file model-v1.csv (CSV, C-alpha atoms)
chain,number,residue,atom,x,y,z
A,7,MET,CA,92.9,154.7,117.8
A,8,LYS,CA,92.8,154.0,114.1
A,9,LYS,CA,96.2,152.3,114.4
A,10,ILE,CA,94.9,150.0,117.1
A,11,GLN,CA,91.9,149.0,114.9
A,12,VAL,CA,94.2,148.2,112.1
A,13,LEU,CA,96.4,146.0,114.4
A,14,ILE,CA,93.3,144.2,115.7
A,15,THR,CA,92.0,143.6,112.2
A,16,ALA,CA,95.5,142.4,111.1
A,17,PHE,CA,95.7,140.0,114.1
A,18,ILE,CA,92.2,138.6,113.3
A,19,LEU,CA,93.1,138.1,109.6
A,20,PHE,CA,96.4,136.5,110.7
A,21,LEU,CA,94.6,134.0,112.9
A,22,THR,CA,92.2,133.2,110.1
A,23,SER,CA,94.9,132.7,107.6
A,24,CYS,CA,96.7,130.3,109.9
A,25,ASN,CA,93.7,128.0,109.6
A,26,GLN,CA,94.1,127.8,105.8
A,27,VAL,CA,97.1,125.4,105.9
A,28,ASP,CA,96.8,121.6,106.2
A,29,LYS,CA,99.1,119.1,107.8
A,30,ASP,CA,101.2,119.0,104.7
A,31,GLN,CA,101.8,122.7,105.0
A,32,LYS,CA,99.9,123.4,101.8
A,33,ALA,CA,96.8,125.5,101.3
A,34,THR,CA,93.7,123.4,101.1
A,35,ASN,CA,91.4,125.8,99.3
A,36,SER,CA,90.9,124.5,95.7
A,37,ASN,CA,91.0,128.1,94.4
A,38,ILE,CA,94.6,128.6,95.7
A,39,ARG,CA,97.3,127.2,93.4
A,40,ILE,CA,100.5,125.8,94.9
A,41,MET,CA,103.5,126.9,92.8
A,42,ASP,CA,106.2,124.4,92.1
A,43,ASN,CA,109.8,125.1,92.9
A,44,SER,CA,110.8,126.2,89.4
A,45,GLU,CA,108.0,128.8,89.4
A,46,ILE,CA,109.0,130.2,92.8
A,47,ILE,CA,112.7,130.4,91.8
A,48,LYS,CA,111.8,132.2,88.5
A,49,HIS,CA,109.7,134.8,90.3
A,50,VAL,CA,112.2,135.4,93.1
A,51,LYS,CA,115.0,135.8,90.7
A,52,LEU,CA,113.0,138.6,89.1
A,53,ALA,CA,112.0,140.1,92.4
A,54,ILE,CA,115.5,140.4,93.9
A,55,ASN,CA,117.7,143.4,93.0
A,56,PRO,CA,120.4,142.0,90.7
A,57,LYS,CA,123.1,143.6,92.9
A,58,PHE,CA,122.3,140.9,95.5
A,59,GLN,CA,123.8,137.7,94.1
A,60,ASP,CA,124.1,135.6,97.3
A,61,TRP,CA,120.7,134.4,98.6
A,62,VAL,CA,119.0,131.3,99.7
A,63,LEU,CA,115.3,130.4,98.9
A,64,PHE,CA,113.1,128.2,101.0
A,65,LYS,CA,110.2,125.9,100.0
A,66,ASN,CA,107.4,128.4,100.8
A,67,GLY,CA,108.9,131.4,99.2
A,68,THR,CA,110.9,133.0,102.0
A,69,TYR,CA,114.4,134.0,101.1
A,70,LEU,CA,117.5,135.5,102.8
A,71,ILE,CA,119.9,137.8,101.1
A,72,PHE,CA,123.5,137.7,102.3
A,73,GLU,CA,125.6,140.8,101.7
A,74,ASN,CA,128.7,139.2,103.3
A,75,ALA,CA,128.5,135.7,102.0
A,76,ASP,CA,132.2,135.5,101.5
A,77,THR,CA,132.7,135.7,105.3
A,78,ILE,CA,130.3,132.8,106.0
A,79,LYS,CA,131.6,129.3,106.1
A,80,SER,CA,128.3,127.7,104.9
A,81,VAL,CA,125.6,130.1,103.6
A,82,ASN,CA,123.0,127.3,103.6
A,83,ASP,CA,123.7,126.4,107.3
A,84,GLU,CA,123.5,130.1,108.2
A,85,ALA,CA,120.3,130.5,106.3
A,86,ILE,CA,118.7,127.6,108.2
A,87,ARG,CA,119.9,129.0,111.5
A,88,GLN,CA,118.5,132.5,110.7
A,89,MET,CA,115.2,131.0,109.4
A,90,LYS,CA,114.7,129.0,112.6
A,91,GLU,CA,115.5,132.1,114.7
A,92,PHE,CA,113.6,134.8,112.8
A,93,GLY,CA,111.2,132.8,110.6
A,94,PRO,CA,108.5,131.6,112.9
A,95,VAL,CA,105.7,134.1,113.5
A,96,PHE,CA,104.2,134.6,116.9
A,97,ALA,CA,101.2,136.8,117.6
A,98,VAL,CA,102.2,140.1,119.1
A,99,GLY,CA,105.9,139.3,118.3
A,100,PRO,CA,108.2,141.3,116.0
A,101,ALA,CA,107.9,138.7,113.2
A,102,GLY,CA,104.2,139.7,112.9
A,103,ASP,CA,105.2,143.2,111.7
A,104,PHE,CA,105.5,143.5,107.9
A,105,SER,CA,105.5,145.7,104.8
A,106,THR,CA,104.1,144.7,101.5
A,107,ILE,CA,106.2,145.6,98.4
A,108,HIS,CA,104.5,145.6,95.0
A,109,LEU,CA,106.7,144.1,92.3
A,110,THR,CA,107.3,145.5,88.9
A,111,LYS,CA,109.4,142.9,87.1
A,112,THR,CA,107.2,140.0,87.9
A,113,ASP,CA,103.7,139.3,89.3
A,114,GLY,CA,103.2,139.4,93.0
A,115,TRP,CA,104.6,141.0,96.1
A,116,ILE,CA,107.4,140.7,98.6
A,117,ILE,CA,106.7,140.8,102.3
A,118,SER,CA,109.4,142.3,104.4
A,119,GLY,CA,109.7,142.6,108.2
A,120,HIS,CA,111.6,141.3,111.2
A,121,GLY,CA,114.9,139.7,110.3
A,122,TYR,CA,117.5,141.7,108.2
A,123,GLY,CA,117.5,140.5,104.6
A,124,MET,CA,114.6,138.1,105.0
A,125,TYR,CA,111.7,138.4,102.6
A,126,THR,CA,108.8,136.3,101.4
A,127,TYR,CA,107.4,136.1,97.9
A,128,VAL,CA,103.7,135.9,97.4
A,129,ASN,CA,102.2,135.2,94.0
A,130,PRO,CA,98.6,136.4,93.1
A,131,SER,CA,97.6,132.8,92.2
A,132,GLU,CA,98.2,131.8,95.8
A,133,ILE,CA,95.6,134.2,97.2
A,134,GLU,CA,91.9,133.4,96.8
A,135,ASN,CA,90.8,137.0,96.7
A,136,LYS,CA,91.5,138.4,93.3
A,137,ALA,CA,91.8,142.0,94.6
A,138,PRO,CA,93.6,141.6,97.9
A,139,ASN,CA,94.8,144.5,100.0
A,140,ASP,CA,98.2,144.9,101.5
A,141,ILE,CA,97.2,143.6,104.9
A,142,GLU,CA,95.7,140.4,103.4
A,143,ILE,CA,98.8,139.9,101.2
A,144,GLY,CA,101.1,140.5,104.1
A,145,LEU,CA,99.3,138.2,106.5
A,146,PHE,CA,99.4,135.4,103.8
A,147,GLY,CA,103.1,136.1,103.4
A,148,ARG,CA,103.6,135.8,107.1
A,149,THR,CA,101.9,132.5,107.1
A,150,LYS,CA,104.3,131.3,104.4
A,151,ARG,CA,107.3,132.6,106.4
A,152,ASP,CA,106.0,130.8,109.5
A,153,LEU,CA,105.9,127.5,107.6
A,154,ASP,CA,109.5,128.1,106.4
A,155,GLY,CA,110.6,129.0,109.9
A,156,LYS,CA,109.1,125.9,111.5
A,157,ASN,CA,110.3,123.5,108.7
A,158,PRO,CA,113.1,125.1,106.8
A,159,GLU,CA,113.7,123.4,103.5
A,160,ILE,CA,116.1,125.1,101.0
A,161,ILE,CA,115.1,124.8,97.4
A,162,TYR,CA,117.7,127.1,95.8
A,163,THR,CA,120.9,128.8,96.6
A,164,SER,CA,122.3,131.7,94.5
A,165,SER,CA,126.0,132.5,94.8
A,166,ARG,CA,128.4,134.7,93.0
A,167,LYS,CA,131.1,132.0,93.8
A,168,LYS,CA,129.5,129.6,91.3

call {"tool": "encode", "arguments": {"input": "model-v1.csv", "output": "structure tokens"}}
result
Amino acid sequence: MKKIQVLITAFILFLTSCNQVDKDQKATNSNIRIMDNSEIIKHVKLAINPKFQDWVLFKNGTYLIFENADTIKSVNDEAIRQMKEFGPVFAVGPAGDFSTIHLTKTDGWIISGHGYGMYTYVNPSEIENKAPNDIEIGLFGRTKRDLDGKNPEIIYTSSRKK
């Protein structure tokens, strides 16, 4: 029964968080700071295990790690394909499930879930509540992932081929 209550609460928080994004896909609350691309890239580089060198980062902080990049013709094309398939979040769908990972090498959290190798970075400055819980962080991360899934825009590609 407790699990059902948590799921209902999470769903309500998810619906609430979806209303915090304007038509430009940016948070409208003045207490929430939108990070620029260089900041997101810096934090994600610190969040990713260095053994993973092939990854693609999207505008809202969602990234995909590729363990077999050498077998993929175009990593960017594949990243966009996967983002369109697994990125959008639908209520009661598998993309709504998540785990919140607390980072140690940089501020913030990584949200994992549906879609192998797909994660979303959340910075504390992006959340209004200064003491958020894992559900609030995860739901905010899911909102960011949904934005990337519906309008995938790559801002950085890391490759060991470079």

call {"tool": "residues_around", "arguments": {"input": "model-v1.csv", "residues": "segment 113-115 of chain A", "least_positions_apart": "3", "cutoff": "8 Å", "atoms": "only C-alpha atoms", "output": "mmCIF file with C-alpha atoms, keeping the file's coordinate frame"}}
result
data_model
loop_
_atom_site.group_PDB
_atom_site.id
_atom_site.type_symbol
_atom_site.label_atom_id
_atom_site.label_comp_id
_atom_site.auth_asym_id
_atom_site.auth_seq_id
_atom_site.Cartn_x
_atom_site.Cartn_y
_atom_site.Cartn_z
ATOM 1 C CA HIS A 49 109.700 134.800 90.300
ATOM 2 C CA THR A 106 104.100 144.700 101.500
ATOM 3 C CA ILE A 107 106.200 145.600 98.400
ATOM 4 C CA HIS A 108 104.500 145.600 95.000
ATOM 5 C CA LEU A 109 106.700 144.100 92.300
ATOM 6 C CA THR A 110 107.300 145.500 88.900
ATOM 7 C CA TYR A 127 107.400 136.100 97.900
ATOM 8 C CA VAL A 128 103.700 135.900 97.400
ATOM 9 C CA ASN A 129 102.200 135.200 94.000
ATOM 10 C CA PRO A 130 98.600 136.400 93.100
ATOM 11 C CA ILE A 143 98.800 139.900 101.200
#

call {"tool": "atom_distance", "arguments": {"input": "model-v1.csv", "atom1": "atom CA of Thr163 of chain A", "atom2": "atom CA of Gly119 of chain A"}}
result
21.2 Å

call {"tool": "atom_distance", "arguments": {"input": "model-v1.csv", "atom1": "atom CA of Arg39 of chain A", "atom2": "atom CA of Glu132 of chain A"}}
result
5.3 Å

call {"tool": "atom_distance", "arguments": {"input": "model-v1.csv", "atom1": "atom CA of Lys136 of chain A", "atom2": "atom CA of Lys48 of chain A"}}
result
21.8 Å

call {"tool": "closest_atom_pairs", "arguments": {"input": "model-v1.csv", "of": "segment 106-132 of chain A", "to": "segment 66-72 of chain A", "cutoff": "7 Å", "atoms": "all atoms listed in the file", "output": "CSV"}}
result
residue,atom,partner,partner_atom,distance
A:Gly123,CA,A:Ile71,CA,5.0
A:Met124,CA,A:Leu70,CA,4.5
A:Tyr125,CA,A:Tyr69,CA,5.4
A:Thr126,CA,A:Thr68,CA,4.0
A:Tyr127,CA,A:Gly67,CA,5.1

call {"tool": "closest_residue", "arguments": {"input": "model-v1.csv", "among": "A:Ile116, A:Lys167, A:Arg87, A:Glu159", "to": "Leu145 of chain A", "atoms": "all atoms listed in the file"}}
result
A:Ile116

call {"tool": "closest_residue", "arguments": {"input": "model-v1.csv", "among": "A:Gly121, A:Pro138, A:Pro56, A:Gly147", "to": "Gln88 of chain A", "atoms": "all atoms listed in the file"}}
result
A:Gly121

call {"tool": "closest_residue", "arguments": {"input": "model-v1.csv", "among": "A:Tyr122, A:Phe92, A:Phe104, A:Phe146", "to": "Glu73 of chain A", "atoms": "only C-alpha atoms"}}
result
A:Tyr122

call {"tool": "closest_residue", "arguments": {"input": "model-v1.csv", "among": "A:Asp103, A:Asp152, A:Asp60, A:Glu142", "to": "Ile78 of chain A", "atoms": "all atoms listed in the file"}}
result
A:Asp60

call {"tool": "closest_residue", "arguments": {"input": "model-v1.csv", "among": "A:Lys79, A:His120, A:Lys90, A:Arg166", "to": "Leu153 of chain A", "atoms": "only C-alpha atoms"}}
result
A:Lys90
